[in-house]
Amino acid sequence: DLLFELFVSRDRDEPPDIDVDFEHERREEVIQYIYKKYGRHRAGIAATVITYRSRSAIRDVGKVFGLSEDVVAALSRSTWGWSSTGISAENAGEIGLDPENPQLRLALKLASELIGFPRHLSQHVGGFVITKGPLEEVVPIQNAAMEDRTFVEWDKDDLDTLGILKIDVLALGMLTCIRKAFDLLNRHYGERMTLANVPPGDEKVYDMLCNADAVGVFQVESRAQMSMLPRLKPRCFYDLVVEVAIVRPGPIQGDMVHPYLRRRSGQEKVCYPKKELEDVLKKTYGVPLFQEQAMKIAIVAAGFTPGESDRLRRAMATFRKSGTIGMYRKKFVDGMIGNGYEPDFAERCFKQIEGFSDYGFPESHAAAFARLAYVSAWLKCHYPDVFCAAILNSQPMGFYAPAQLVRDAREHGVEVRPVDVNHSGWDCTLEEAGAGKCAVRLGIRQVKGAHEATALAIESARAGGFDSVRHFWLRTGLYPRIIERLADADAFRSIGLDRREALWAVRGLGGYAGGQNGKMPATLPLFAALEEGGLQREEEMALPAMPPGEHVVLDYATLRLSLKAHPVSFLRNRFSAGGVIPNEKLKDVEAGRRVSLAGLVLVRQRPGTASGVIFATLEDETGIANIIIWPKLYEKRRRIVLTSRLLFVRGRVQKEGIVI
């Protein structure tokens with residue numbers, strides 16, 4: 001079923017379209033290999049033109065107008081992250097600024113006018129240019145900010161116009177995660193797995209996905225994907241291929257999602273005007289979901305040649321920029337009518353294909369991603385401890401922060417142990433937990449501001465373990481400021497010290513220099529023997545216990561997560577008195593009933609296909625809840641929606657099966 005013209009076409013005299021995904025932690029190795037193999041004189045990274053958006057425009061204009069840093073920061077926070085609509089005087093008034101101030105009004109006006117203008121050249125995310133002759137004879141070259149990198153000063157559209165070969169060397173965090181998971185699986189369970197030998201068709205994996213239990217699973221972990229899983233109910237690999245592709249702007253804009261679901265569930269009859277269309281669309285119940293299907297429809301129903309169908313695909317891909325897809329409407333519609341199709345049906349087909357201009361997915365690409373989705377789901381289903389450690393060691397990646405990944409692992413029965421100087425390495429590791437299971441030991445990488453060199457110094461000095469903060473200091477040679485960071489992260493529990501006691505002990509170290517970047521001054525010879533013998537110990541003090549809430553706040557400040565409690569749990573009594581229900585109770589609430597919820601804001605999304613609707617995810621101590629914020633409410637409560645970390649909401653429950 002692979003349509004070869006998707007990659008190489010006789011009708012276009014240009015290089016093939018090549019994209020290759022590598023582990024995100026090893027992509028630099030590939031880049032340097034390309035430089036070495038082809039020479040820096042024949043290889044370079046493509047450029048991309050960065051244009052002004054709302055935030056970057058107000059930051060630069062604010063500097064020119066002499067606005068203070070806090071004013072500029074407040075203005076930039078008052079707009080959506082990728083917004084290109086500008087900041088109004090009313091928005092400025094909401095954050096306490098004077099909207100009538102002439103300097104401010106002029107700055108906002110010029111910032112709005114600047115949106116869309118080129119700001120600077122940057123490196124393309126993965127596009128690599130390779131030429132037969134010297135690169136400098138074809139295109140200007142510039143040194144990149146990163147060491148050992150050069151990039152050409154033209155973007156991908158310029159390169160396409162000139163027919164210069166561009167290969168996309170892309171990075172996928174999930175490839176890194178899966179490789180690390182396979183290593184852990186081999187080391188702790190004796191299972192030698194690869195992408196090729198993960199058992200296919202596992203019923204437990206598909207049961208898990210049908211229940212939208214997909215936190216951390218590649219490509220199907222977003223709010224939209226997790227609401228789609230129980231509706232689509234994937235039971236085989238091709239269902240996953242569809243799942244990956246269907247929650248995209250293309251199928252959504254082309255009105256393909258609901259017809260597909262209705263036909264799949266038997267609620268709507270599948271009809272094919274002709275056998276030739278059935279051959280193309282049978283796998284997707286008569287609904288075109290993939291670029292290859294759009295190309296095949298053009299060939300078999302509208303009389304396009306394979307080369308012309310490829311040009312149609314390219315017009316779809318560049319619709320936003322060049323708007324050339326309309327050039328094919330007449331040929332497509334007339335071709336279908338000439339082949340005996342009804343004019344209305346031909347128009348509907350072209351309208352659906354136009355939807356692909358908002359990012360339709362190739363079937364071949366979706367199949368490759370679906371393979372990674374299945375493998376990651378298999379790991380999560382059968383070895384949640386391995387999956388948790390691997391995905392934490394592969395951050396930053398994916399949709400969720402470490403706090404949510406750890407919470408999900410614990411909900412799946414995984415024991416997660418805290419960062420500890422006597423047990424933790426740089427990476428998260430697995431430790432024996434009995435009954436043939438392993439516990440996840442958080443690594444020092446979770447400590448905010450920690451470096452791998454710190455972990456290596458601790459591991460190399462750990463023989464026999466550490467029995468005090470002073471012992472740790474003398475053995476590792478780490479600066480007291482670094483040790484204080486570990487104490488802040490509550491990493492001395494195995495020594496018998498909680499966070500406050502460990503911090504007190506760090507302050508009692510000889511040579512502590514809190515205001516000198518934590519550097520340890522050389523010990524005078526007279527006192528060297530005393531320090532080596534550990535005779536300058538601080539007198540023990542009976543310190544008051546740190547309240548649990550303060551522990552949790554500091555956990556989030558230093559580790560971005562807490563194993564002790566969830567922040568919302570400390571407010572539960574107050575919330576319950578105000579009628580706020582826990583998120584886990586939503587499943588028991590009947591559709592249409594109004595309820596109140598509160599939680600930490602994990603994600604805010606404003607898809608271009610949602611007509612200004614904002615989707616947010618709230619987390620409390622019992623789970624997550626997805627909420628919908630309508631445009632009118634957003635404009636009314638703009639500042640709260642954009643900046644609040646803890647959100648209280650009241651609304652009506654919407655349910656479709658198990659989807660809430």
# chains A, B, ... in the order shown; residues from 1 in each chain; ligands from 1

call {"tool": "select_by_dssp", "arguments": {"residues": "range 258-426 of chain A", "states": "strand (DSSP E or B)", "output": "list in words"}}
result
Phe290, Phe361, Val416 and Arg417 of chain A

call {"tool": "write_last_selection", "arguments": {"atoms": "N, CA and C atoms", "output": "tab-separated table (two decimals), in the first residue's frame"}}
result
chain	number	residue	atom	x	y	z
A	290	PHE	N	-5.42	9.68	5.53
A	290	PHE	CA	-3.98	9.79	5.29
A	290	PHE	C	-3.70	10.50	3.96
A	361	PHE	N	-1.64	13.55	7.94
A	361	PHE	CA	-0.53	12.67	8.30
A	361	PHE	C	-0.34	11.60	7.23
A	416	VAL	N	8.25	4.02	44.56
A	416	VAL	CA	9.24	5.03	44.15
A	416	VAL	C	9.94	5.54	45.39
A	417	ARG	N	11.26	5.43	45.40
A	417	ARG	CA	12.06	5.81	46.56
A	417	ARG	C	12.74	7.14	46.31

call {"tool": "closest_residue", "arguments": {"among": "A:Ser222, A:Ala390, A:Pro273, A:Tyr238", "to": "Asn626 in chain A", "atoms": "only C-alpha atoms"}}
result
A:Ser222

call {"tool": "residues_around", "arguments": {"residues": "Val169 in chain A", "least_positions_apart": "4", "cutoff": "9 Å", "atoms": "only C-alpha atoms", "output": "ChimeraX atom specification"}}
result
/A:18-22,27,30-31,125-128

call {"tool": "write_last_selection", "arguments": {"atoms": "C-alpha atoms", "output": "compact mmCIF listing (two decimals), in the first residue's frame"}}
result
# COMPACT_ATOMS: atom_id res chain seq x y z
CA ILE A 18 14.04 12.01 3.55
CA ASP A 19 13.25 12.22 7.28
CA VAL A 20 15.10 10.07 9.84
CA ASP A 21 14.40 10.04 13.59
CA PHE A 22 17.19 9.31 16.08
CA ARG A 27 21.40 13.23 17.67
CA VAL A 30 24.73 11.82 14.04
CA ILE A 31 25.23 15.49 13.20
CA VAL A 125 15.15 21.70 13.97
CA GLY A 126 16.77 18.98 11.87
CA GLY A 127 17.23 19.96 8.22
CA PHE A 128 20.71 19.10 6.91

call {"tool": "closest_residue", "arguments": {"among": "A:Asp239, A:Glu501, A:Asp490, A:Glu153", "to": "Lys564 in chain A", "atoms": "only C-alpha atoms"}}
result
A:Asp490

call {"tool": "closest_residue", "arguments": {"among": "A:Ile164, A:Leu647, A:Leu478, A:Val421", "to": "Ile495 in chain A", "atoms": "only C-alpha atoms"}}
result
A:Val421

call {"tool": "residues_around", "arguments": {"residues": "Glu69 in chain A", "least_positions_apart": "6", "cutoff": "12 Å", "atoms": "only C-alpha atoms", "output": "list in words"}}
result
Ile58, Arg59, Asp60, Val61, Gly62, Lys63, Leu75 and Ser76 of chain A

call {"tool": "write_last_selection", "arguments": {"atoms": "N, CA and C atoms", "output": "CSV table (one decimal), in the first residue's frame"}}
result
chain,number,residue,atom,x,y,z
A,58,ILE,N,6.7,42.3,22.3
A,58,ILE,CA,6.6,43.3,23.4
A,58,ILE,C,7.9,43.3,24.2
A,59,ARG,N,8.6,42.2,24.2
A,59,ARG,CA,9.9,42.2,24.9
A,59,ARG,C,10.9,43.2,24.2
A,60,ASP,N,11.0,43.1,22.9
A,60,ASP,CA,12.0,43.9,22.2
A,60,ASP,C,11.5,45.4,22.2
A,61,VAL,N,10.2,45.6,21.9
A,61,VAL,CA,9.7,47.0,21.9
A,61,VAL,C,9.8,47.6,23.3
A,62,GLY,N,9.5,46.8,24.3
A,62,GLY,CA,9.6,47.3,25.6
A,62,GLY,C,11.0,47.8,26.0
A,63,LYS,N,12.0,47.1,25.5
A,63,LYS,CA,13.4,47.5,25.8
A,63,LYS,C,13.7,48.9,25.1
A,75,LEU,N,3.5,42.0,30.9
A,75,LEU,CA,2.8,42.1,29.7
A,75,LEU,C,3.0,40.8,28.9
A,76,SER,N,4.2,40.2,28.9
A,76,SER,CA,4.4,39.0,28.1
A,76,SER,C,3.6,37.8,28.7
